[in-house]
Amino acid sequence: MNIVLMGPPGAGKGTQAEVMARKLFVPHISTGDIFRANIKAGTELGQLANQYISKGDLVPDEVTMGMIKDRLAEEDCANGFILDGLPRTIVQADALAAVLEEQGKKLDKVVNIDVPIEKLIERLSGRRVCRNCSQTYHLQNNPPTEAGRCDECGGELYQRADDSEETIKNRLDVYLAQSSPLIEYYEAKGLLLSIDGDQSINNVLADVGRGLGQNW
Ligand code: ADP
Ligand code: AMP
């Protein structure tokens, strides 16, 4: 199944995608994770992307699309993928359709996780991420068993630099201006599955499963 996961920053895309990927036996492809891995490794792409990410702006479309085109061509995507964090603009959505067509693929569903904007600040400022495996936690909503340590791999948890209050505000503005029009775009294509993301992690997962016709 070829799935795009959409929603504002902090909606729970990464949290849901991790579990969905395991259940559907497809890779979870997070553009944010790929950029952060490049920043950590000090690659040219990482240095370029960091200029935008650190301010909460979008990395330019052509840079992002070049990166994702290569990733989707990898063998592990042959039986499907969960794309988390892309598209974020209409230009990217059109470019994604062209990339998929070239590869003889198409999207099956676009899952939009809907959470009221005012709840997102609390979700983003309490988020902690594993430095080693990128597993995501929340200080109150989804804490690790041992404070500061990842349950999955024992790695150190850190706060993303762009989860500071000032950058969060810009990211939400960018979402509203540039990404939210994608909801109508995919609705018009008959691909949209809207999910109420303002409920527990398990209930969101159950709704996604039902919407995708899965028995989980
Ligand atoms: P996104 O990938 O959409 O930016 P994340 O999956 O990283 O969002 O989730 C943002 C934060 O909110 C994380 O700290 C996560 O643990 C927490 N979170 C995710 N889903 C829920 C939920 N349904 N209820 C409460 N907190 C959640
Ligand atoms: P995320 O991990 O999805 O919250 O993304 C973190 C940051 O990476 C975003 O704020 C953007 O700066 C950048 N980014 C991720 N995906 C994209 C994309 N599809 N287009 C442009 N920038 C992106």
# chains A, B, ... in the order shown; residues from 1 in each chain; ligands from 1

$ residues_near_ligand --ligand "ligand 2" --cutoff "7 Å" --atoms "only C-alpha atoms and all ligand atoms" --output "compact mmCIF listing (two decimals) with N, CA, C and O atoms, in the first residue's frame"
# COMPACT_ATOMS: atom_id res chain seq x y z
N PRO A 9 2.59 20.02 11.95
CA PRO A 9 3.69 19.58 12.81
C PRO A 9 3.14 19.20 14.19
O PRO A 9 2.35 19.95 14.77
N SER A 30 10.41 9.25 6.42
CA SER A 30 10.17 10.58 6.97
C SER A 30 11.20 11.54 6.37
O SER A 30 12.40 11.36 6.57
N THR A 31 10.71 12.55 5.63
CA THR A 31 11.65 13.50 5.03
C THR A 31 12.41 14.25 6.12
O THR A 31 13.61 14.50 5.98
N GLY A 32 11.74 14.57 7.22
CA GLY A 32 12.42 15.25 8.33
C GLY A 32 13.55 14.38 8.89
O GLY A 32 14.66 14.87 9.14
N ASP A 33 13.30 13.08 9.07
CA ASP A 33 14.34 12.17 9.58
C ASP A 33 15.52 12.09 8.61
O ASP A 33 16.68 12.05 9.03
N PHE A 35 16.48 14.40 6.47
CA PHE A 35 17.24 15.66 6.59
C PHE A 35 18.08 15.66 7.86
O PHE A 35 19.26 16.03 7.83
N TYR A 52 17.33 26.07 6.44
CA TYR A 52 15.88 26.27 6.43
C TYR A 52 15.24 25.66 7.67
O TYR A 52 14.40 26.28 8.32
N ILE A 53 15.65 24.43 7.99
CA ILE A 53 15.03 23.70 9.10
C ILE A 53 15.21 24.45 10.42
O ILE A 53 14.28 24.54 11.22
N GLY A 56 12.59 26.88 10.77
CA GLY A 56 11.22 26.39 10.65
C GLY A 56 10.64 26.63 9.28
O GLY A 56 9.43 26.52 9.07
N ASP A 57 11.50 26.98 8.32
CA ASP A 57 11.03 27.17 6.94
C ASP A 57 11.13 25.85 6.18
O ASP A 57 11.82 24.93 6.61
N LEU A 58 10.49 25.81 5.01
CA LEU A 58 10.57 24.59 4.19
C LEU A 58 11.86 24.58 3.37
O LEU A 58 12.29 25.61 2.85
N VAL A 59 12.45 23.42 3.27
CA VAL A 59 13.59 23.22 2.38
C VAL A 59 13.04 23.37 0.95
O VAL A 59 11.92 22.92 0.67
N PRO A 60 13.79 24.01 0.03
CA PRO A 60 13.24 24.23 -1.32
C PRO A 60 12.74 22.95 -1.98
O PRO A 60 13.34 21.87 -1.81
N ASP A 61 11.66 23.10 -2.74
CA ASP A 61 11.00 21.95 -3.37
C ASP A 61 11.94 21.09 -4.20
O ASP A 61 11.90 19.85 -4.13
N THR A 64 14.18 18.90 -2.00
CA THR A 64 13.40 17.86 -1.33
C THR A 64 12.95 16.79 -2.32
O THR A 64 13.04 15.59 -2.04
N ASP A 84 5.95 10.23 5.20
CA ASP A 84 5.60 11.10 6.33
C ASP A 84 6.35 12.43 6.18
O ASP A 84 7.57 12.45 6.23
N GLY A 85 5.60 13.51 5.93
CA GLY A 85 6.24 14.83 5.84
C GLY A 85 6.39 15.34 4.41
O GLY A 85 6.94 16.42 4.21
N LEU A 86 5.91 14.60 3.47
CA LEU A 86 5.94 15.04 2.06
C LEU A 86 4.72 14.46 1.37
O LEU A 86 4.43 13.28 1.59
N PRO A 87 4.01 15.22 0.54
CA PRO A 87 4.27 16.61 0.15
C PRO A 87 3.88 17.62 1.22
O PRO A 87 3.02 17.36 2.06
N ARG A 88 4.52 18.79 1.13
CA ARG A 88 4.19 19.90 2.02
C ARG A 88 3.77 21.13 1.23
O ARG A 88 3.44 22.16 1.83
N ARG A 171 6.72 27.36 12.16
CA ARG A 171 6.36 26.11 11.47
C ARG A 171 4.85 25.99 11.31
O ARG A 171 4.36 25.50 10.28

$ residues_around --residues "Gly126 of chain A" --least-positions-apart "3" --cutoff "10 Å" --atoms "only C-alpha atoms" --output "PDB file with all heavy atoms, in the first residue's frame"
ATOM      1  N   GLY A  10       3.524  18.032  14.685  1.00  0.00           N
ATOM      2  CA  GLY A  10       3.088  17.603  16.011  1.00  0.00           C
ATOM      3  C   GLY A  10       1.774  16.846  16.007  1.00  0.00           C
ATOM      4  O   GLY A  10       1.279  16.437  17.061  1.00  0.00           O
ATOM      5  N   LEU A 120      -1.165  21.752  19.385  1.00  0.00           N
ATOM      6  CA  LEU A 120       0.107  21.346  18.771  1.00  0.00           C
ATOM      7  C   LEU A 120       1.313  21.902  19.522  1.00  0.00           C
ATOM      8  O   LEU A 120       2.356  21.259  19.591  1.00  0.00           O
ATOM      9  CB  LEU A 120       0.146  21.790  17.308  1.00  0.00           C
ATOM     10  CG  LEU A 120      -0.935  21.136  16.445  1.00  0.00           C
ATOM     11  CD1 LEU A 120      -0.984  21.785  15.073  1.00  0.00           C
ATOM     12  CD2 LEU A 120      -0.673  19.634  16.305  1.00  0.00           C
ATOM     13  N   ILE A 121       1.166  23.085  20.085  1.00  0.00           N
ATOM     14  CA  ILE A 121       2.306  23.707  20.773  1.00  0.00           C
ATOM     15  C   ILE A 121       2.726  22.833  21.954  1.00  0.00           C
ATOM     16  O   ILE A 121       3.910  22.548  22.148  1.00  0.00           O
ATOM     17  CB  ILE A 121       1.935  25.136  21.226  1.00  0.00           C
ATOM     18  CG1 ILE A 121       1.678  25.973  19.960  1.00  0.00           C
ATOM     19  CG2 ILE A 121       3.042  25.757  22.083  1.00  0.00           C
ATOM     20  CD1 ILE A 121       1.115  27.338  20.181  1.00  0.00           C
ATOM     21  N   GLU A 122       1.743  22.350  22.695  1.00  0.00           N
ATOM     22  CA  GLU A 122       2.024  21.485  23.851  1.00  0.00           C
ATOM     23  C   GLU A 122       2.663  20.166  23.388  1.00  0.00           C
ATOM     24  O   GLU A 122       3.608  19.665  23.993  1.00  0.00           O
ATOM     25  CB  GLU A 122       0.710  21.270  24.607  1.00  0.00           C
ATOM     26  CG  GLU A 122       0.787  20.380  25.829  1.00  0.00           C
ATOM     27  CD  GLU A 122       0.382  18.950  25.520  1.00  0.00           C
ATOM     28  OE1 GLU A 122      -0.393  18.715  24.572  1.00  0.00           O
ATOM     29  OE2 GLU A 122       0.890  18.058  26.244  1.00  0.00           O
ATOM     30  N   ARG A 123       2.165  19.623  22.286  1.00  0.00           N
ATOM     31  CA  ARG A 123       2.726  18.359  21.772  1.00  0.00           C
ATOM     32  C   ARG A 123       4.173  18.554  21.323  1.00  0.00           C
ATOM     33  O   ARG A 123       5.034  17.715  21.569  1.00  0.00           O
ATOM     34  CB  ARG A 123       1.905  17.855  20.592  1.00  0.00           C
ATOM     35  CG  ARG A 123       0.606  17.224  21.038  1.00  0.00           C
ATOM     36  CD  ARG A 123       0.115  16.277  19.979  1.00  0.00           C
ATOM     37  NE  ARG A 123      -1.229  15.822  20.290  1.00  0.00           N
ATOM     38  CZ  ARG A 123      -1.918  15.024  19.511  1.00  0.00           C
ATOM     39  NH1 ARG A 123      -1.407  14.614  18.372  1.00  0.00           N
ATOM     40  NH2 ARG A 123      -3.125  14.636  19.865  1.00  0.00           N
ATOM     41  N   TYR A 137       8.965  10.382  21.764  1.00  0.00           N
ATOM     42  CA  TYR A 137       8.258  10.311  23.057  1.00  0.00           C
ATOM     43  C   TYR A 137       7.653  11.675  23.366  1.00  0.00           C
ATOM     44  O   TYR A 137       7.909  12.647  22.662  1.00  0.00           O
ATOM     45  CB  TYR A 137       9.252   9.941  24.172  1.00  0.00           C
ATOM     46  CG  TYR A 137       9.880   8.582  23.967  1.00  0.00           C
ATOM     47  CD1 TYR A 137      11.025   8.433  23.181  1.00  0.00           C
ATOM     48  CD2 TYR A 137       9.308   7.446  24.514  1.00  0.00           C
ATOM     49  CE1 TYR A 137      11.587   7.183  22.965  1.00  0.00           C
ATOM     50  CE2 TYR A 137       9.868   6.188  24.304  1.00  0.00           C
ATOM     51  CZ  TYR A 137      11.002   6.071  23.529  1.00  0.00           C
ATOM     52  OH  TYR A 137      11.547   4.830  23.313  1.00  0.00           O
ATOM     53  N   HIS A 138       6.865  11.708  24.435  1.00  0.00           N
ATOM     54  CA  HIS A 138       6.362  12.989  24.938  1.00  0.00           C
ATOM     55  C   HIS A 138       6.482  12.977  26.453  1.00  0.00           C
ATOM     56  O   HIS A 138       6.146  11.963  27.089  1.00  0.00           O
ATOM     57  CB  HIS A 138       4.901  13.197  24.513  1.00  0.00           C
ATOM     58  CG  HIS A 138       4.416  14.579  24.796  1.00  0.00           C
ATOM     59  ND1 HIS A 138       4.015  14.975  26.051  1.00  0.00           N
ATOM     60  CD2 HIS A 138       4.305  15.672  23.995  1.00  0.00           C
ATOM     61  CE1 HIS A 138       3.659  16.251  26.006  1.00  0.00           C
ATOM     62  NE2 HIS A 138       3.824  16.693  24.765  1.00  0.00           N
ATOM     63  N   LEU A 139       6.962  14.084  27.010  1.00  0.00           N
ATOM     64  CA  LEU A 139       7.239  14.111  28.452  1.00  0.00           C
ATOM     65  C   LEU A 139       6.014  13.705  29.272  1.00  0.00           C
ATOM     66  O   LEU A 139       6.143  12.999  30.268  1.00  0.00           O
ATOM     67  CB  LEU A 139       7.703  15.507  28.878  1.00  0.00           C
ATOM     68  CG  LEU A 139       9.086  15.934  28.366  1.00  0.00           C
ATOM     69  CD1 LEU A 139       9.423  17.344  28.842  1.00  0.00           C
ATOM     70  CD2 LEU A 139      10.162  14.940  28.810  1.00  0.00           C
ATOM     71  N   GLN A 140       4.815  14.152  28.856  1.00  0.00           N
ATOM     72  CA  GLN A 140       3.598  13.786  29.595  1.00  0.00           C
ATOM     73  C   GLN A 140       2.784  12.694  28.895  1.00  0.00           C
ATOM     74  O   GLN A 140       2.332  11.744  29.531  1.00  0.00           O
ATOM     75  CB  GLN A 140       2.672  15.013  29.781  1.00  0.00           C
ATOM     76  CG  GLN A 140       3.113  15.994  30.840  1.00  0.00           C
ATOM     77  CD  GLN A 140       4.121  17.005  30.289  1.00  0.00           C
ATOM     78  OE1 GLN A 140       3.997  17.444  29.147  1.00  0.00           O
ATOM     79  NE2 GLN A 140       5.117  17.351  31.098  1.00  0.00           N
ATOM     80  N   ASN A 141       2.572  12.841  27.585  1.00  0.00           N
ATOM     81  CA  ASN A 141       1.605  11.974  26.885  1.00  0.00           C
ATOM     82  C   ASN A 141       2.121  10.579  26.576  1.00  0.00           C
ATOM     83  O   ASN A 141       1.344   9.642  26.434  1.00  0.00           O
ATOM     84  CB  ASN A 141       1.190  12.604  25.549  1.00  0.00           C
ATOM     85  CG  ASN A 141       0.659  14.011  25.715  1.00  0.00           C
ATOM     86  OD1 ASN A 141       0.287  14.400  26.803  1.00  0.00           O
ATOM     87  ND2 ASN A 141       0.616  14.765  24.642  1.00  0.00           N
ATOM     88  N   ASN A 142       3.449  10.473  26.426  1.00  0.00           N
ATOM     89  CA  ASN A 142       4.017   9.189  26.012  1.00  0.00           C
ATOM     90  C   ASN A 142       5.450   9.091  26.521  1.00  0.00           C
ATOM     91  O   ASN A 142       6.399   9.036  25.734  1.00  0.00           O
ATOM     92  CB  ASN A 142       3.958   9.107  24.470  1.00  0.00           C
ATOM     93  CG  ASN A 142       4.392   7.760  23.947  1.00  0.00           C
ATOM     94  OD1 ASN A 142       4.345   6.751  24.659  1.00  0.00           O
ATOM     95  ND2 ASN A 142       4.846   7.730  22.703  1.00  0.00           N
ATOM     96  N   PRO A 143       5.602   9.092  27.868  1.00  0.00           N
ATOM     97  CA  PRO A 143       6.965   9.167  28.421  1.00  0.00           C
ATOM     98  C   PRO A 143       7.708   7.833  28.294  1.00  0.00           C
ATOM     99  O   PRO A 143       7.079   6.772  28.267  1.00  0.00           O
ATOM    100  CB  PRO A 143       6.728   9.506  29.896  1.00  0.00           C
ATOM    101  CG  PRO A 143       5.353   9.037  30.183  1.00  0.00           C
ATOM    102  CD  PRO A 143       4.577   9.047  28.897  1.00  0.00           C
ATOM    103  N   GLN A 159      15.835  17.108  22.737  1.00  0.00           N
ATOM    104  CA  GLN A 159      14.772  17.968  22.219  1.00  0.00           C
ATOM    105  C   GLN A 159      15.237  18.553  20.885  1.00  0.00           C
ATOM    106  O   GLN A 159      16.333  19.136  20.818  1.00  0.00           O
ATOM    107  CB  GLN A 159      14.474  19.096  23.200  1.00  0.00           C
ATOM    108  CG  GLN A 159      13.350  19.993  22.710  1.00  0.00           C
ATOM    109  CD  GLN A 159      12.850  20.975  23.760  1.00  0.00           C
ATOM    110  OE1 GLN A 159      13.612  21.388  24.640  1.00  0.00           O
ATOM    111  NE2 GLN A 159      11.587  21.349  23.673  1.00  0.00           N
ATOM    112  N   ASP A 163      12.006  22.484  17.839  1.00  0.00           N
ATOM    113  CA  ASP A 163      10.861  22.399  18.747  1.00  0.00           C
ATOM    114  C   ASP A 163      10.911  23.497  19.820  1.00  0.00           C
ATOM    115  O   ASP A 163      10.273  23.399  20.866  1.00  0.00           O
ATOM    116  CB  ASP A 163      10.772  21.003  19.396  1.00  0.00           C
ATOM    117  CG  ASP A 163      10.111  19.977  18.462  1.00  0.00           C
ATOM    118  OD1 ASP A 163       9.466  20.382  17.478  1.00  0.00           O
ATOM    119  OD2 ASP A 163      10.247  18.758  18.733  1.00  0.00           O
ATOM    120  N   SER A 164      11.690  24.546  19.577  1.00  0.00           N
ATOM    121  CA  SER A 164      11.670  25.706  20.483  1.00  0.00           C
ATOM    122  C   SER A 164      10.422  26.529  20.159  1.00  0.00           C
ATOM    123  O   SER A 164       9.926  26.481  19.016  1.00  0.00           O
ATOM    124  CB  SER A 164      12.912  26.565  20.271  1.00  0.00           C
ATOM    125  OG  SER A 164      12.843  27.148  18.984  1.00  0.00           O
TER     126      SER A 164
END

$ residues_around --residues "segment 80-82 of chain A" --least-positions-apart "5" --cutoff "7 Å" --atoms "only C-alpha atoms" --output "list in words"
Met1, Asn2, Ile3, Val4, Leu5, Ala17, Ala21, Val26, Pro27, His28 and Ile29 of chain A

$ write_last_selection --atoms "N, CA, C and O atoms" --output "PDB file, in the first residue's frame"
ATOM      1  N   MET A   1       0.834  -1.194   0.000  1.00  0.00           N
ATOM      2  CA  MET A   1       0.000   0.000   0.000  1.00  0.00           C
ATOM      3  C   MET A   1       0.880   1.260   0.000  1.00  0.00           C
ATOM      4  O   MET A   1       1.823   1.341   0.776  1.00  0.00           O
ATOM      5  N   ASN A   2       0.579   2.201  -0.875  1.00  0.00           N
ATOM      6  CA  ASN A   2       1.353   3.445  -0.966  1.00  0.00           C
ATOM      7  C   ASN A   2       0.566   4.554  -0.269  1.00  0.00           C
ATOM      8  O   ASN A   2      -0.476   4.982  -0.759  1.00  0.00           O
ATOM      9  N   ILE A   3       1.107   5.004   0.864  1.00  0.00           N
ATOM     10  CA  ILE A   3       0.351   5.926   1.710  1.00  0.00           C
ATOM     11  C   ILE A   3       1.137   7.206   1.969  1.00  0.00           C
ATOM     12  O   ILE A   3       2.340   7.162   2.240  1.00  0.00           O
ATOM     13  N   VAL A   4       0.434   8.334   1.904  1.00  0.00           N
ATOM     14  CA  VAL A   4       0.985   9.601   2.392  1.00  0.00           C
ATOM     15  C   VAL A   4       0.297   9.910   3.715  1.00  0.00           C
ATOM     16  O   VAL A   4      -0.922   9.766   3.846  1.00  0.00           O
ATOM     17  N   LEU A   5       1.111  10.330   4.683  1.00  0.00           N
ATOM     18  CA  LEU A   5       0.589  10.714   5.990  1.00  0.00           C
ATOM     19  C   LEU A   5       0.766  12.219   6.126  1.00  0.00           C
ATOM     20  O   LEU A   5       1.892  12.717   6.065  1.00  0.00           O
ATOM     21  N   ALA A  17       3.168   6.500  12.055  1.00  0.00           N
ATOM     22  CA  ALA A  17       3.846   5.870  10.917  1.00  0.00           C
ATOM     23  C   ALA A  17       4.724   4.703  11.361  1.00  0.00           C
ATOM     24  O   ALA A  17       4.784   3.672  10.676  1.00  0.00           O
ATOM     25  N   ALA A  21       3.938   1.157   9.764  1.00  0.00           N
ATOM     26  CA  ALA A  21       4.959   0.536   8.908  1.00  0.00           C
ATOM     27  C   ALA A  21       5.199  -0.913   9.332  1.00  0.00           C
ATOM     28  O   ALA A  21       5.324  -1.807   8.493  1.00  0.00           O
ATOM     29  N   VAL A  26       5.903  -2.232   5.367  1.00  0.00           N
ATOM     30  CA  VAL A  26       6.442  -1.292   4.375  1.00  0.00           C
ATOM     31  C   VAL A  26       7.338  -0.291   5.121  1.00  0.00           C
ATOM     32  O   VAL A  26       7.202  -0.115   6.328  1.00  0.00           O
ATOM     33  N   PRO A  27       8.257   0.374   4.415  1.00  0.00           N
ATOM     34  CA  PRO A  27       9.133   1.327   5.105  1.00  0.00           C
ATOM     35  C   PRO A  27       8.420   2.621   5.493  1.00  0.00           C
ATOM     36  O   PRO A  27       7.506   3.065   4.776  1.00  0.00           O
ATOM     37  N   HIS A  28       8.841   3.194   6.608  1.00  0.00           N
ATOM     38  CA  HIS A  28       8.392   4.528   7.023  1.00  0.00           C
ATOM     39  C   HIS A  28       9.434   5.514   6.520  1.00  0.00           C
ATOM     40  O   HIS A  28      10.579   5.484   6.958  1.00  0.00           O
ATOM     41  N   ILE A  29       9.009   6.372   5.608  1.00  0.00           N
ATOM     42  CA  ILE A  29       9.949   7.335   5.029  1.00  0.00           C
ATOM     43  C   ILE A  29       9.581   8.721   5.525  1.00  0.00           C
ATOM     44  O   ILE A  29       8.555   9.289   5.128  1.00  0.00           O
TER      45      ILE A  29
END

$ residues_around --residues "Tyr158 of chain A" --least-positions-apart "2" --cutoff "12 Å" --atoms "only C-alpha atoms" --output "list in words"
Ser125, Gly126, Arg127, Arg128, Val129, Cys130, Arg131, Asn132, Cys133, Ser134, Gln135, Thr136, Tyr137, His138, Leu139, Ala147, Gly148, Arg149, Cys150, Gly155, Glu156, Arg160, Ala161, Asp162 and Asp163 of chain A

$ residues_around --residues "segment 206-212 of chain A" --least-positions-apart "6" --cutoff "8 Å" --atoms "only C-alpha atoms" --output "PyMOL selection string"
chain A and resi 109+111+193+195

$ atom_distance --atom1 "atom CA of Ala78 of chain A" --atom2 "atom CA of Gly14 of chain A"
21.2 Å

$ atom_distance --atom1 "atom CA of Asp196 of chain A" --atom2 "atom CA of Ser180 of chain A"
15.5 Å

$ closest_residue --among "A:Gly46, A:Gly190, A:Gly213, A:Pro181" --to "Pro8 of chain A" --atoms "only C-alpha atoms"
A:Pro181

$ decode --residues "segment 20-51 of chain A" --atoms "C-alpha atoms" --output "mmCIF file, in the first residue's frame"
data_model
loop_
_atom_site.group_PDB
_atom_site.id
_atom_site.type_symbol
_atom_site.label_atom_id
_atom_site.label_comp_id
_atom_site.auth_asym_id
_atom_site.auth_seq_id
_atom_site.Cartn_x
_atom_site.Cartn_y
_atom_site.Cartn_z
ATOM 1 C CA MET A 20 1.708 1.406 10.696
ATOM 2 C CA ALA A 21 4.959 0.536 8.908
ATOM 3 C CA ARG A 22 5.467 -2.507 11.137
ATOM 4 C CA LYS A 23 1.884 -3.663 10.636
ATOM 5 C CA LEU A 24 1.872 -3.137 6.864
ATOM 6 C CA PHE A 25 5.456 -4.411 6.292
ATOM 7 C CA VAL A 26 6.442 -1.292 4.375
ATOM 8 C CA PRO A 27 9.133 1.327 5.105
ATOM 9 C CA HIS A 28 8.392 4.528 7.023
ATOM 10 C CA ILE A 29 9.949 7.335 5.029
ATOM 11 C CA SER A 30 10.170 10.584 6.971
ATOM 12 C CA THR A 31 11.653 13.502 5.032
ATOM 13 C CA GLY A 32 12.420 15.247 8.331
ATOM 14 C CA ASP A 33 14.339 12.166 9.579
ATOM 15 C CA ILE A 34 16.309 11.972 6.320
ATOM 16 C CA PHE A 35 17.239 15.656 6.590
ATOM 17 C CA ARG A 36 18.236 15.272 10.248
ATOM 18 C CA ALA A 37 20.401 12.225 9.434
ATOM 19 C CA ASN A 38 22.132 14.317 6.773
ATOM 20 C CA ILE A 39 22.631 17.209 9.187
ATOM 21 C CA LYS A 40 24.154 14.823 11.740
ATOM 22 C CA ALA A 41 26.458 13.311 9.105
ATOM 23 C CA GLY A 42 27.488 16.783 7.901
ATOM 24 C CA THR A 43 26.654 16.093 4.243
ATOM 25 C CA GLU A 44 26.234 18.877 1.706
ATOM 26 C CA LEU A 45 22.476 18.204 1.637
ATOM 27 C CA GLY A 46 22.382 18.413 5.433
ATOM 28 C CA GLN A 47 24.218 21.740 5.519
ATOM 29 C CA LEU A 48 21.872 23.192 2.932
ATOM 30 C CA ALA A 49 18.707 21.831 4.576
ATOM 31 C CA ASN A 50 19.753 23.025 8.026
ATOM 32 C CA GLN A 51 19.636 26.659 6.912
#
